[in-house]
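protein34.cif follows; it contains mmCIF, C-alpha atoms.
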data_query
#
loop_
_atom_site.group_PDB
_atom_site.id
_atom_site.type_symbol
_atom_site.label_atom_id
_atom_site.label_comp_id
_atom_site.auth_asym_id
_atom_site.auth_seq_id
_atom_site.Cartn_x
_atom_site.Cartn_y
_atom_site.Cartn_z
ATOM 1 C CA MET A 214 37.277 153.915 -76.415
ATOM 2 C CA SER A 215 34.664 154.954 -73.856
ATOM 3 C CA THR A 216 36.976 154.829 -70.820
ATOM 4 C CA GLU A 217 39.235 157.446 -72.429
ATOM 5 C CA LYS A 218 36.492 159.882 -73.444
ATOM 6 C CA PHE A 219 35.987 163.266 -71.836
ATOM 7 C CA SER A 220 32.519 163.757 -70.394
ATOM 8 C CA PRO A 221 31.113 167.312 -70.691
ATOM 9 C CA ARG A 222 29.297 166.594 -67.440
ATOM 10 C CA TYR A 223 32.579 167.113 -65.582
ATOM 11 C CA ARG A 224 33.706 170.281 -67.349
ATOM 12 C CA ASP A 225 35.342 172.711 -64.895
ATOM 13 C CA LEU A 226 35.595 169.892 -62.327
ATOM 14 C CA ASP A 227 38.599 171.579 -60.709
ATOM 15 C CA ALA A 228 36.469 174.654 -59.994
ATOM 16 C CA TRP A 229 33.764 172.706 -58.158
ATOM 17 C CA ASN A 230 33.360 172.640 -54.397
ATOM 18 C CA PRO A 231 34.779 169.541 -52.679
ATOM 19 C CA ASP A 232 31.317 168.264 -51.786
ATOM 20 C CA GLU A 233 30.274 168.503 -55.429
ATOM 21 C CA ILE A 234 33.384 166.599 -56.538
ATOM 22 C CA LEU A 235 32.774 163.918 -53.937
ATOM 23 C CA GLY A 236 29.168 163.603 -55.066
ATOM 24 C CA ALA A 237 30.218 163.128 -58.676
ATOM 25 C CA LEU A 238 32.804 160.527 -57.716
ATOM 26 C CA LEU A 239 30.315 158.637 -55.580
ATOM 27 C CA ASP A 240 27.710 158.683 -58.350
ATOM 28 C CA SER A 241 30.285 157.160 -60.682
ATOM 29 C CA GLN A 242 30.811 154.299 -58.231
ATOM 30 C CA PHE A 243 27.125 153.467 -58.446
ATOM 31 C CA CYS A 244 27.625 153.288 -62.222
ATOM 32 C CA ALA A 245 30.333 150.685 -61.613
ATOM 33 C CA VAL A 246 27.873 148.521 -59.670
ATOM 34 C CA ALA A 247 25.299 148.893 -62.445
ATOM 35 C CA ALA A 248 27.857 147.799 -65.037
ATOM 36 C CA VAL A 249 28.597 144.642 -63.066
ATOM 37 C CA ASN A 250 24.896 143.942 -62.650
ATOM 38 C CA ALA A 251 24.472 144.112 -66.427
ATOM 39 C CA ALA A 252 27.180 141.453 -66.795
ATOM 40 C CA ILE A 253 25.786 139.010 -64.218
ATOM 41 C CA ASN A 254 25.038 136.247 -66.751
ATOM 42 C CA PRO A 255 28.534 136.096 -68.282
ATOM 43 C CA LEU A 256 29.983 136.332 -64.773
ATOM 44 C CA GLU A 257 27.961 133.283 -63.766
ATOM 45 C CA ARG A 258 29.052 131.290 -66.815
ATOM 46 C CA ALA A 259 32.702 132.109 -66.168
ATOM 47 C CA ALA A 260 32.507 131.227 -62.473
ATOM 48 C CA VAL A 261 30.854 127.850 -63.112
ATOM 49 C CA ALA A 262 33.411 126.986 -65.784
ATOM 50 C CA ILE A 263 36.341 127.973 -63.550
ATOM 51 C CA ALA A 264 35.000 125.888 -60.653
ATOM 52 C CA GLN A 265 34.794 122.850 -62.923
ATOM 53 C CA ARG A 266 38.433 123.248 -63.988
ATOM 54 C CA LEU A 267 39.660 123.821 -60.447
ATOM 55 C CA HIS A 268 37.763 120.752 -59.277
ATOM 56 C CA GLN A 269 39.993 118.782 -61.641
ATOM 57 C CA GLY A 270 43.100 120.076 -59.892
ATOM 58 C CA GLY A 271 43.909 123.153 -61.945
ATOM 59 C CA ARG A 272 45.144 126.578 -60.923
ATOM 60 C CA ILE A 273 43.552 130.008 -61.050
ATOM 61 C CA VAL A 274 45.762 132.494 -62.857
ATOM 62 C CA TYR A 275 45.404 136.283 -62.743
ATOM 63 C CA VAL A 276 46.849 138.454 -65.516
ATOM 64 C CA GLY A 277 46.994 142.236 -65.701
ATOM 65 C CA ALA A 278 49.013 145.403 -66.079
ATOM 66 C CA GLY A 279 49.000 148.599 -64.049
ATOM 67 C CA THR A 280 45.810 149.195 -62.077
ATOM 68 C CA SER A 281 44.192 146.044 -63.436
ATOM 69 C CA GLY A 282 47.185 143.980 -62.367
ATOM 70 C CA ARG A 283 47.018 145.377 -58.837
ATOM 71 C CA ILE A 284 43.299 144.639 -58.603
ATOM 72 C CA ALA A 285 43.876 141.103 -59.880
ATOM 73 C CA VAL A 286 46.594 140.386 -57.322
ATOM 74 C CA GLN A 287 44.462 141.783 -54.509
ATOM 75 C CA ASP A 288 41.702 139.302 -55.289
ATOM 76 C CA GLY A 289 43.936 136.279 -55.681
ATOM 77 C CA ALA A 290 46.078 137.044 -52.644
ATOM 78 C CA GLU A 291 43.006 136.754 -50.422
ATOM 79 C CA LEU A 292 42.102 133.228 -51.518
ATOM 80 C CA PRO A 293 44.595 131.311 -49.321
ATOM 81 C CA PRO A 294 43.796 133.052 -45.999
ATOM 82 C CA THR A 295 40.045 133.300 -46.620
ATOM 83 C CA PHE A 296 39.349 129.901 -48.154
ATOM 84 C CA ASP A 297 42.557 127.942 -47.446
ATOM 85 C CA TRP A 298 43.083 127.787 -51.188
ATOM 86 C CA PRO A 299 46.520 126.214 -51.852
ATOM 87 C CA ARG A 300 49.104 128.903 -52.519
ATOM 88 C CA ASP A 301 50.648 126.845 -55.309
ATOM 89 C CA ARG A 302 47.315 126.867 -57.126
ATOM 90 C CA VAL A 303 47.050 130.628 -57.542
ATOM 91 C CA VAL A 304 49.371 132.303 -60.055
ATOM 92 C CA PHE A 305 49.987 135.986 -60.783
ATOM 93 C CA ILE A 306 51.266 137.205 -64.138
ATOM 94 C CA VAL A 307 51.801 140.952 -63.929
ATOM 95 C CA ALA A 308 53.314 143.183 -66.595
ATOM 96 C CA GLY A 309 56.722 144.274 -65.314
ATOM 97 C CA GLY A 310 56.756 141.626 -62.584
ATOM 98 C CA MET A 311 55.479 141.806 -59.019
ATOM 99 C CA GLY A 312 57.565 144.933 -58.399
ATOM 100 C CA ALA A 313 55.227 146.770 -60.755
ATOM 101 C CA LEU A 314 52.508 146.519 -58.105
ATOM 102 C CA VAL A 315 54.095 149.390 -56.185
ATOM 103 C CA GLN A 316 56.125 151.184 -58.844
ATOM 104 C CA SER A 317 55.244 151.709 -62.494
ATOM 105 C CA VAL A 318 57.445 149.873 -65.015
ATOM 106 C CA GLU A 319 57.453 151.881 -68.229
ATOM 107 C CA GLY A 320 56.603 149.954 -71.379
ATOM 108 C CA ALA A 321 55.810 146.715 -69.534
ATOM 109 C CA GLU A 322 52.178 146.643 -70.641
ATOM 110 C CA ASP A 323 53.260 146.701 -74.301
ATOM 111 C CA ASN A 324 55.572 143.678 -73.987
ATOM 112 C CA ARG A 325 53.709 140.831 -75.682
ATOM 113 C CA GLU A 326 56.772 138.581 -75.664
ATOM 114 C CA ALA A 327 57.092 138.830 -71.877
ATOM 115 C CA ALA A 328 53.464 137.764 -71.507
ATOM 116 C CA ILE A 329 53.881 134.754 -73.761
ATOM 117 C CA TRP A 330 57.067 133.762 -71.957
ATOM 118 C CA ALA A 331 55.316 134.039 -68.583
ATOM 119 C CA ILE A 332 52.494 131.742 -69.727
ATOM 120 C CA GLU A 333 55.057 129.203 -70.926
ATOM 121 C CA ASP A 334 57.235 129.578 -67.823
ATOM 122 C CA GLU A 335 54.259 128.850 -65.561
ATOM 123 C CA ALA A 336 53.427 125.819 -67.725
ATOM 124 C CA ILE A 337 49.826 126.978 -68.092
ATOM 125 C CA GLY A 338 47.732 124.080 -69.417
ATOM 126 C CA PRO A 339 44.272 122.580 -69.932
ATOM 127 C CA GLU A 340 43.420 122.265 -66.233
ATOM 128 C CA ASP A 341 44.116 125.954 -65.534
ATOM 129 C CA SER A 342 41.785 128.953 -65.601
ATOM 130 C CA VAL A 343 43.300 132.287 -66.650
ATOM 131 C CA ILE A 344 41.581 135.611 -65.932
ATOM 132 C CA GLY A 345 42.872 138.650 -67.791
ATOM 133 C CA LEU A 346 41.853 142.191 -66.852
ATOM 134 C CA ALA A 347 42.320 145.377 -68.852
ATOM 135 C CA ALA A 348 40.075 148.429 -68.688
ATOM 136 C CA SER A 349 40.890 149.315 -72.296
ATOM 137 C CA GLY A 350 40.562 145.698 -73.387
ATOM 138 C CA ALA A 351 43.542 146.327 -75.646
ATOM 139 C CA THR A 352 46.596 146.071 -73.357
ATOM 140 C CA PRO A 353 49.110 144.086 -75.458
ATOM 141 C CA PHE A 354 50.587 142.202 -72.473
ATOM 142 C CA THR A 355 47.210 140.992 -71.225
ATOM 143 C CA VAL A 356 45.780 140.172 -74.642
ATOM 144 C CA ALA A 357 48.907 138.195 -75.579
ATOM 145 C CA ALA A 358 48.793 136.258 -72.296
ATOM 146 C CA ILE A 359 45.160 135.278 -72.824
ATOM 147 C CA GLN A 360 45.825 134.265 -76.425
ATOM 148 C CA ALA A 361 48.825 132.152 -75.390
ATOM 149 C CA ALA A 362 46.929 130.524 -72.527
ATOM 150 C CA ARG A 363 44.007 129.654 -74.796
ATOM 151 C CA GLN A 364 46.368 128.112 -77.336
ATOM 152 C CA ARG A 365 47.715 125.886 -74.555
ATOM 153 C CA GLY A 366 44.206 124.672 -73.732
ATOM 154 C CA ALA A 367 43.535 126.736 -70.615
ATOM 155 C CA LEU A 368 40.117 128.186 -69.885
ATOM 156 C CA THR A 369 40.338 131.942 -70.442
ATOM 157 C CA VAL A 370 38.260 134.821 -69.083
ATOM 158 C CA GLY A 371 38.654 138.377 -70.342
ATOM 159 C CA ILE A 372 37.311 141.309 -68.316
ATOM 160 C CA ALA A 373 37.306 144.696 -70.051
ATOM 161 C CA ASN A 374 35.496 148.022 -69.829
ATOM 162 C CA ASN A 375 35.281 148.725 -73.553
ATOM 163 C CA GLU A 376 33.050 146.788 -75.921
ATOM 164 C CA ASP A 377 34.351 144.964 -78.985
ATOM 165 C CA SER A 378 37.904 145.086 -77.614
ATOM 166 C CA PRO A 379 40.706 142.592 -78.425
ATOM 167 C CA LEU A 380 40.698 141.050 -74.942
ATOM 168 C CA LEU A 381 37.013 140.198 -75.189
ATOM 169 C CA HIS A 382 37.574 138.574 -78.586
ATOM 170 C CA ALA A 383 40.586 136.618 -77.294
ATOM 171 C CA ALA A 384 38.885 134.969 -74.295
ATOM 172 C CA ASP A 385 36.621 131.927 -74.063
ATOM 173 C CA TYR A 386 34.474 133.850 -71.590
ATOM 174 C CA PRO A 387 34.354 137.583 -72.374
ATOM 175 C CA ILE A 388 32.918 139.890 -69.696
ATOM 176 C CA LEU A 389 32.157 143.503 -70.619
ATOM 177 C CA LEU A 390 31.872 145.977 -67.738
ATOM 178 C CA ASP A 391 30.571 149.003 -69.611
ATOM 179 C CA THR A 392 31.422 151.806 -67.167
ATOM 180 C CA GLY A 393 31.816 154.586 -69.751
ATOM 181 C CA PRO A 394 33.822 157.816 -69.291
ATOM 182 C CA GLU A 395 35.486 158.529 -65.959
ATOM 183 C CA VAL A 396 34.998 161.634 -63.812
ATOM 184 C CA VAL A 397 38.699 162.276 -64.435
ATOM 185 C CA ALA A 398 39.014 161.330 -68.109
ATOM 186 C CA GLY A 399 41.041 158.147 -68.638
ATOM 187 C CA SER A 400 41.638 157.474 -64.928
ATOM 188 C CA THR A 401 40.423 153.894 -64.898
ATOM 189 C CA ARG A 402 41.515 153.441 -61.286
ATOM 190 C CA LEU A 403 38.099 154.974 -60.571
ATOM 191 C CA LYS A 404 34.818 153.342 -61.617
ATOM 192 C CA ALA A 405 36.384 150.974 -64.166
ATOM 193 C CA GLY A 406 38.673 149.666 -61.427
ATOM 194 C CA THR A 407 35.803 149.400 -58.967
ATOM 195 C CA ALA A 408 33.778 147.362 -61.462
ATOM 196 C CA GLN A 409 36.740 145.027 -62.023
ATOM 197 C CA LYS A 410 37.199 144.561 -58.276
ATOM 198 C CA ILE A 411 33.517 143.732 -57.792
ATOM 199 C CA ALA A 412 33.544 141.321 -60.733
ATOM 200 C CA LEU A 413 36.562 139.439 -59.394
ATOM 201 C CA ASN A 414 35.039 139.300 -55.893
ATOM 202 C CA LEU A 415 31.891 137.761 -57.367
ATOM 203 C CA ILE A 416 33.712 135.231 -59.534
ATOM 204 C CA SER A 417 36.200 134.011 -56.928
ATOM 205 C CA THR A 418 33.621 133.821 -54.135
ATOM 206 C CA VAL A 419 31.135 131.850 -56.243
ATOM 207 C CA VAL A 420 33.958 129.526 -57.278
ATOM 208 C CA MET A 421 35.021 128.922 -53.683
ATOM 209 C CA ILE A 422 31.428 128.284 -52.602
ATOM 210 C CA GLN A 423 31.012 125.749 -55.398
ATOM 211 C CA LEU A 424 34.205 124.044 -54.289
ATOM 212 C CA GLY A 425 32.795 123.548 -50.786
ATOM 213 C CA ARG A 426 34.860 126.196 -49.027
ATOM 214 C CA VAL A 427 31.813 127.985 -47.599
ATOM 215 C CA TYR A 428 29.097 126.401 -45.464
ATOM 216 C CA ASP A 429 25.957 128.054 -44.145
ATOM 217 C CA GLY A 430 27.326 131.463 -45.099
ATOM 218 C CA LEU A 431 30.540 130.907 -43.126
ATOM 219 C CA MET A 432 34.153 130.760 -44.353
ATOM 220 C CA VAL A 433 34.691 127.320 -42.892
ATOM 221 C CA ASP A 434 37.963 126.769 -44.769
ATOM 222 C CA MET A 435 39.687 129.903 -43.487
ATOM 223 C CA VAL A 436 43.122 129.542 -41.931
ATOM 224 C CA ALA A 437 42.988 130.308 -38.187
ATOM 225 C CA ALA A 438 46.438 131.854 -38.293
ATOM 226 C CA ASN A 439 46.068 134.193 -35.313
ATOM 227 C CA GLU A 440 44.087 134.640 -32.114
ATOM 228 C CA LYS A 441 41.378 136.733 -33.786
ATOM 229 C CA LEU A 442 40.735 134.056 -36.397
ATOM 230 C CA ARG A 443 40.790 131.290 -33.805
ATOM 231 C CA ARG A 444 38.055 133.114 -31.890
ATOM 232 C CA ARG A 445 36.140 133.418 -35.168
ATOM 233 C CA ALA A 446 36.462 129.680 -35.733
ATOM 234 C CA GLU A 447 35.100 129.045 -32.236
ATOM 235 C CA ARG A 448 32.144 131.354 -32.908
ATOM 236 C CA MET A 449 31.421 129.544 -36.160
ATOM 237 C CA LEU A 450 31.319 126.177 -34.463
ATOM 238 C CA HIS A 451 29.192 127.497 -31.630
ATOM 239 C CA ARG A 452 26.707 128.864 -34.136
ATOM 240 C CA LEU A 453 26.670 125.607 -36.106
ATOM 241 C CA THR A 454 26.397 123.241 -33.130
ATOM 242 C CA ASP A 455 25.631 125.204 -29.945
ATOM 243 C CA ALA A 456 28.189 122.913 -28.280
ATOM 244 C CA PRO A 457 29.913 123.991 -25.056
ATOM 245 C CA MET A 458 33.015 126.079 -25.627
ATOM 246 C CA ASP A 459 35.325 123.537 -23.995
ATOM 247 C CA ARG A 460 34.203 120.868 -26.490
ATOM 248 C CA ILE A 461 34.579 123.305 -29.387
ATOM 249 C CA GLN A 462 38.094 124.240 -28.326
ATOM 250 C CA ALA A 463 39.055 120.590 -27.928
ATOM 251 C CA ALA A 464 37.650 119.738 -31.363
ATOM 252 C CA LEU A 465 39.541 122.605 -32.985
ATOM 253 C CA GLU A 466 42.727 121.497 -31.268
ATOM 254 C CA ALA A 467 42.294 117.930 -32.525
ATOM 255 C CA ALA A 468 41.496 119.234 -36.012
ATOM 256 C CA ASN A 469 44.552 121.518 -36.099
ATOM 257 C CA GLY A 470 42.265 124.530 -36.434
ATOM 258 C CA LYS A 471 40.279 123.204 -39.400
ATOM 259 C CA VAL A 472 36.651 124.193 -38.891
ATOM 260 C CA LYS A 473 35.010 121.600 -41.152
ATOM 261 C CA LEU A 474 36.926 118.758 -39.571
ATOM 262 C CA ALA A 475 36.160 120.081 -36.091
ATOM 263 C CA ARG A 476 32.462 120.253 -36.986
ATOM 264 C CA LEU A 477 32.507 116.523 -37.729
ATOM 265 C CA LEU A 478 34.505 115.762 -34.599
ATOM 266 C CA LEU A 479 31.692 117.394 -32.649
ATOM 267 C CA GLU A 480 29.501 114.614 -34.051
ATOM 268 C CA ASP A 481 31.650 112.197 -32.026
ATOM 269 C CA LEU A 482 33.642 110.963 -35.007
ATOM 270 C CA GLY A 483 37.325 110.162 -34.797
ATOM 271 C CA VAL A 484 39.796 112.308 -36.735
ATOM 272 C CA SER A 485 40.478 109.638 -39.371
ATOM 273 C CA GLU A 486 36.792 108.857 -39.832
ATOM 274 C CA ALA A 487 35.864 112.532 -40.093
ATOM 275 C CA ARG A 488 38.647 113.220 -42.582
ATOM 276 C CA ALA A 489 37.628 110.233 -44.707
ATOM 277 C CA LEU A 490 34.004 111.392 -44.728
ATOM 278 C CA LEU A 491 35.027 114.859 -45.896
ATOM 279 C CA ASP A 492 37.347 113.441 -48.543
ATOM 280 C CA HIS A 493 34.569 111.191 -49.825
ATOM 281 C CA HIS A 494 32.452 114.283 -50.403
ATOM 282 C CA ASN A 495 35.273 116.325 -51.976
ATOM 283 C CA GLY A 496 35.572 118.556 -48.930
ATOM 284 C CA HIS A 497 31.910 119.617 -48.939
ATOM 285 C CA LEU A 498 30.608 119.731 -45.376
ATOM 286 C CA ARG A 499 26.872 119.775 -46.125
ATOM 287 C CA PRO A 500 26.703 116.438 -47.995
ATOM 288 C CA ALA A 501 29.082 114.933 -45.444
ATOM 289 C CA LEU A 502 26.700 115.840 -42.616
ATOM 290 C CA THR A 503 23.712 114.653 -44.640
ATOM 291 C CA ALA A 504 25.377 111.297 -45.298
ATOM 292 C CA LEU A 505 26.296 110.943 -41.625
ATOM 293 C CA ALA A 506 22.720 111.655 -40.535
ATOM 294 C CA ALA A 507 21.337 109.168 -43.049
ATOM 295 C CA ARG A 508 23.795 106.511 -41.936
ATOM 296 C CA ARG A 509 22.867 106.960 -38.291
ATOM 297 C CA LYS A 510 19.157 106.948 -39.080
ATOM 298 C CA SER A 511 19.399 103.641 -40.898
ATOM 299 C CA ALA A 512 21.621 102.042 -38.247
#

For the file at hand, write its structure as structure tokens.
Amino acid sequence: MSTEKFSPRYRDLDAWNPDEILGALLDSQFCAVAAVNAAINPLERAAVAIAQRLHQGGRIVYVGAGTSGRIAVQDGAELPPTFDWPRDRVVFIVAGGMGALVQSVEGAEDNREAAIWAIEDEAIGPEDSVIGLAASGATPFTVAAIQAARQRGALTVGIANNEDSPLLHAADYPILLDTGPEVVAGSTRLKAGTAQKIALNLISTVVMIQLGRVYDGLMVDMVAANEKLRRRAERMLHRLTDAPMDRIQAALEAANGKVKLARLLLEDLGVSEARALLDHHNGHLRPALTALAARRKSA
């Protein structure tokens, strides 16, 4: 198992100067990026497949134990505020429960039965997409969850840092992030964890873009839940339309802070008409604007 191996390169690490240790740690982070780059094709296939399932109304489910579980939850927890992804359509299955995110639960990662029960309890099914992470690729909890989810017809993605591991064999879409030995042997919170975090960022962001929750490089589905985000929404609309700020603020008010709807209101549409146009295009702003322009041109 490469993530558990000792690398002679880091012999006497504790005797090195701090700047030398920092340099070695930073170099290892570049290795994490390289490992993700090598997996770009399977990452793309997984992201496209997940987007297709979610388009049908499914949920995105994150599964992990220990460090991998914490990284998984961090990615999924950001989807609702960043992309207004419905909170009931993101599920976390963590070995030892959510309390294990801040305090280790001994033996939880070995509990296959708990993983299977969690998949059943969440009623995971054919419309859902389940992503399992494990640096070793052999964590019993995560492997069992992916196997159970696949048996129930869910799309499954396995992300591991060791080749030919059980998790990769269990998943429909296996993704190997070959990061090799750690600077501190076996401490996969380092470059293995970094590679997992990058991989999840790539997958979830591509998925959200494909689902129409990004337009022109802007997070137009974000939730303007505070003053800072409301100012951001105003800046987005100003960039997209160059409309006066009073009109932008009025449009945002009428749209209850929803940027895409406000963008259409700035085209002098009514709220109902703008909402219907967005719904017709599955929430994608670009084709909605294209259709509106074509309609006006032919009128």

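Among A:Thr401, A:Gln287, A:Asn414, A:Thr216, the residue with the shortest atom-to-atom distance to Ala260 (chain A), counting only C-alpha atoms, is A:Asn414.
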
Exercise: region 334-351 of chain A partners within 7 Å, all atoms listed in the file, chain neighbours under 6 positions left out, as number ranges by chain: A: 216, 263, 266, 269-277, 281, 359, 362, 365-375, 378-381, 401, 405

Once you add 5 Å to each side, what are the centre and edge lengths of the axis-aligned box holding all listed atoms of region 454-469 of chain A? One decimal in Å, as JSON, if you can.
{"center_x": 35.1, "center_y": 122.0, "center_z": -30.0, "size_x": 28.9, "size_y": 18.1, "size_z": 22.1}

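Note that the spacing between CA of Arg448 (chain A) and CA of Pro294 (chain A) amounts to 17.6 Å.
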
Polymer residues at most 7 Å from region 429-435 of chain A, all atoms listed in the file, same-chain spacing of 4 or more positions, as number ranges by chain: A: 294-297, 471-473

Hits of the PyMOL selection byres ((chain A and resi 250) around 12) in this structure, as a ChimeraX atom specification: /A:243-249,251-257,388-392,408-409,411-412,415

Find the residue from A:Gly483, A:Leu403, A:Ala285, A:Glu376 that sits nearest to Ala467 (chain A); use all atoms listed in the file when measuring.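 Using all atoms listed in the file, the shortest distance to Ala467 (chain A) belongs to A:Gly483.
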
Which distance in Å separates CA of Glu326 (chain A) and CA of Gly309 (chain A), to one decimal?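 Separation between CA of Glu326 (chain A) and CA of Gly309 (chain A): 11.8 Å.
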
Determine the residue membership of the PyMOL selection byres ((chain A and resi 458-461) around 12) for the file above and supply it as a PyMOL selection string. chain A and resi 443-457+462-468+470-481

Could you please take those selected residues and save C-alpha atoms as a compact mmCIF listing (two decimals), keeping the file's coordinate frame?
# COMPACT_ATOMS: atom_id res chain seq x y z
CA ARG A 443 40.79 131.29 -33.80
CA ARG A 444 38.06 133.11 -31.89
CA ARG A 445 36.14 133.42 -35.17
CA ALA A 446 36.46 129.68 -35.73
CA GLU A 447 35.10 129.04 -32.24
CA ARG A 448 32.14 131.35 -32.91
CA MET A 449 31.42 129.54 -36.16
CA LEU A 450 31.32 126.18 -34.46
CA HIS A 451 29.19 127.50 -31.63
CA ARG A 452 26.71 128.86 -34.14
CA LEU A 453 26.67 125.61 -36.11
CA THR A 454 26.40 123.24 -33.13
CA ASP A 455 25.63 125.20 -29.94
CA ALA A 456 28.19 122.91 -28.28
CA PRO A 457 29.91 123.99 -25.06
CA GLN A 462 38.09 124.24 -28.33
CA ALA A 463 39.06 120.59 -27.93
CA ALA A 464 37.65 119.74 -31.36
CA LEU A 465 39.54 122.60 -32.98
CA GLU A 466 42.73 121.50 -31.27
CA ALA A 467 42.29 117.93 -32.52
CA ALA A 468 41.50 119.23 -36.01
CA GLY A 470 42.26 124.53 -36.43
CA LYS A 471 40.28 123.20 -39.40
CA VAL A 472 36.65 124.19 -38.89
CA LYS A 473 35.01 121.60 -41.15
CA LEU A 474 36.93 118.76 -39.57
CA ALA A 475 36.16 120.08 -36.09
CA ARG A 476 32.46 120.25 -36.99
CA LEU A 477 32.51 116.52 -37.73
CA LEU A 478 34.51 115.76 -34.60
CA LEU A 479 31.69 117.39 -32.65
CA GLU A 480 29.50 114.61 -34.05
CA ASP A 481 31.65 112.20 -32.03

Show me a table, sorted first by chain and then by increasing residue number, of the residues of region 338-411 of chain A having an atom at most 10 Å from region 316-323 of chain A, each with its shortest atom pair and the distance in Å to one decimal, counting all atoms listed in the file and written as a Markdown table.
| residue | atom | partner | partner_atom | distance |
| --- | --- | --- | --- | --- |
| A:Ala351 | CA | A:Asp323 | CA | 9.8 |
| A:Thr352 | CA | A:Glu322 | CA | 6.2 |
| A:Pro353 | CA | A:Asp323 | CA | 5.0 |
| A:Phe354 | CA | A:Glu322 | CA | 5.1 |
| A:Thr355 | CA | A:Glu322 | CA | 7.5 |
| A:Val356 | CA | A:Asp323 | CA | 9.9 |
| A:Ala357 | CA | A:Asp323 | CA | 9.6 |

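Between CA of Lys218 (chain A) and CA of Lys404 (chain A) the separation is 13.6 Å.
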
What's around region 416-420 of chain A at 9 Å? Count only C-alpha atoms, leave out sequence neighbours fewer than 6 positions away in its own chain, and write the answer as a VMD selection string. chain A and resid 256 to 257 259 to 265 267 288 to 289 292 426 to 427

For Ala308 (chain A), which of A:Ile332, A:Ser241, A:Gln360, A:Ala506 is the closest residue, counting all atoms listed in the file?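 Using all atoms listed in the file, the shortest distance to Ala308 (chain A) belongs to A:Ile332.
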